[in-house]
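One structure is given here, and the rest of the page talks about it.
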Amino acid sequence: MAATIANEDKKRTLSVLVENRSGVLSQVARLFSRNGVNIDSFTAGTTTDLGVTRLTIEITTDDDHTKLICAQLNKMVPVHSVKLLDPNHAIRRELVMFKCKAITSEARNEIIQIGSIFRGSVIDISQDTLTLSVIGDEGKIDAVKEMLEPYGIIEMARSGIIALERGKYTIDENTKEKSEYDYGKSAF
């Protein structure tokens with residue numbers, strides 16, 4: 001039974017540095033498809049080096065599929081580095097925009113208060129709607145959504161998760177301390 005529990009499906013966050021060129025994102029996405037692993041969240045953006053893009057990929061899978069995917073990613077030519085982020089050492093955030101019905105001034109004020117409590121920002125307002133932006137982890141986003149649902153959420157747009165490791169931990173081989181390198185290999 002212990003082997004079954006150790007290999008259960010759970011949310012995994014991968015940080016991947018790739019060449020910033022045409023077709024790379026498609027190659028990476030196809031790798032997950034070929035392995036029968038659904039991508040829950042996929043974000044991409046340039047790093048301090050404009051020739052390198054950081055991908056943050058969230059998947060729900062088991063240890064075996066995670067090891068396989070990391071190994072296959074590492075073999076891809078445009079991939080510079082792959083790291084499975086340890087949830088205890090990762091900062092994970094997402095930007096979400098909520099467009100809500102706000103026909104009355106009372107509703108607008110209440111939605112603004114909810115946004116304020118969660119450190120959100122009003123980014124658009126009209127006669128009938130109010131749009132908030134909120135940054136946070138899944139728990140915070142779910143709490144905001146639950147609070148806004150009674151007002152009527154017209155639209156919601158999510159950026160997908162981005163993540164970095166806390167403190168001295170990095171994905172870049174050039175900035176890793178020797179002890180951190182071993183940490184990255186034993187994250188499975």
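Ordering of the structure tokens sets the chain letters (A, B, ...), residue numbers begin anew at 1 in every chain, and ligands are numbered from 1 in the order given.
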
If you run DSSP on this backbone, which residues of chain A come out as strand (DSSP E), and could you give them as a ChimeraX atom specification?
/A:10-19,39-46,52-61,79-84,90-101,121-125,129-136,153-158,162-165

Any idea what's packed within 9 Å of stretch 87-93 of chain A, counting only C-alpha atoms, ignoring anything in its chain fewer than 6 positions away? Could you give it as number ranges by chain?
A: 12-13, 135-138, 160-167, 169

Using only C-alpha atoms, which of the listed residues (A:Ser159, A:Thr170, A:Val24, A:Gln72) sits closest to A:Ser41?
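Using only C-alpha atoms, A:Ser41 sits closest to A:Ser159.
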
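Around A:Thr48, within 12 Å and counting only C-alpha atoms, the residues found are Leu17, Asn20, Gly45, Gly51, Val52, Thr53, Arg54 and Asp172 of chain A, once anything fewer than 3 positions away on its own chain is removed.
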
Skip A:Ile111 itself and residues of its chain fewer than 4 positions away, then list as an MDAnalysis selection string all residues within 10 Å of it, counting only C-alpha atoms.
chainID A and resid 100:102 105:107 115:117 122 130:132 147:148 151

Residue contacts of A:Asp63 (7 Å, only C-alpha atoms) excluding same-chain residues fewer than 2 positions away, as a list in words:
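With the cut-off at 7 Å, the set is Asn7, Thr61, His65, Thr66, Lys67 and Phe188 of chain A.
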
Residue among A:Leu68, A:Ile141, A:Leu84, A:Ile153 lying closest to A:Arg34, counting only C-alpha atoms
A:Leu68

Any idea what the distance is between atom CA of A:Phe32 and atom CA of A:Thr46?
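Separation between atom CA of A:Phe32 and atom CA of A:Thr46: 21.5 Å.
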
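Across the structure, atom CA of A:Ala157 and atom CA of A:Val96 are spaced 5.6 Å apart.
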
What parts of stretch 10-75 of chain A does DSSP call helix (DSSP H, G or I)? I'd like the answer as a VMD selection string.
chain A and resid 24 to 34 63 to 75
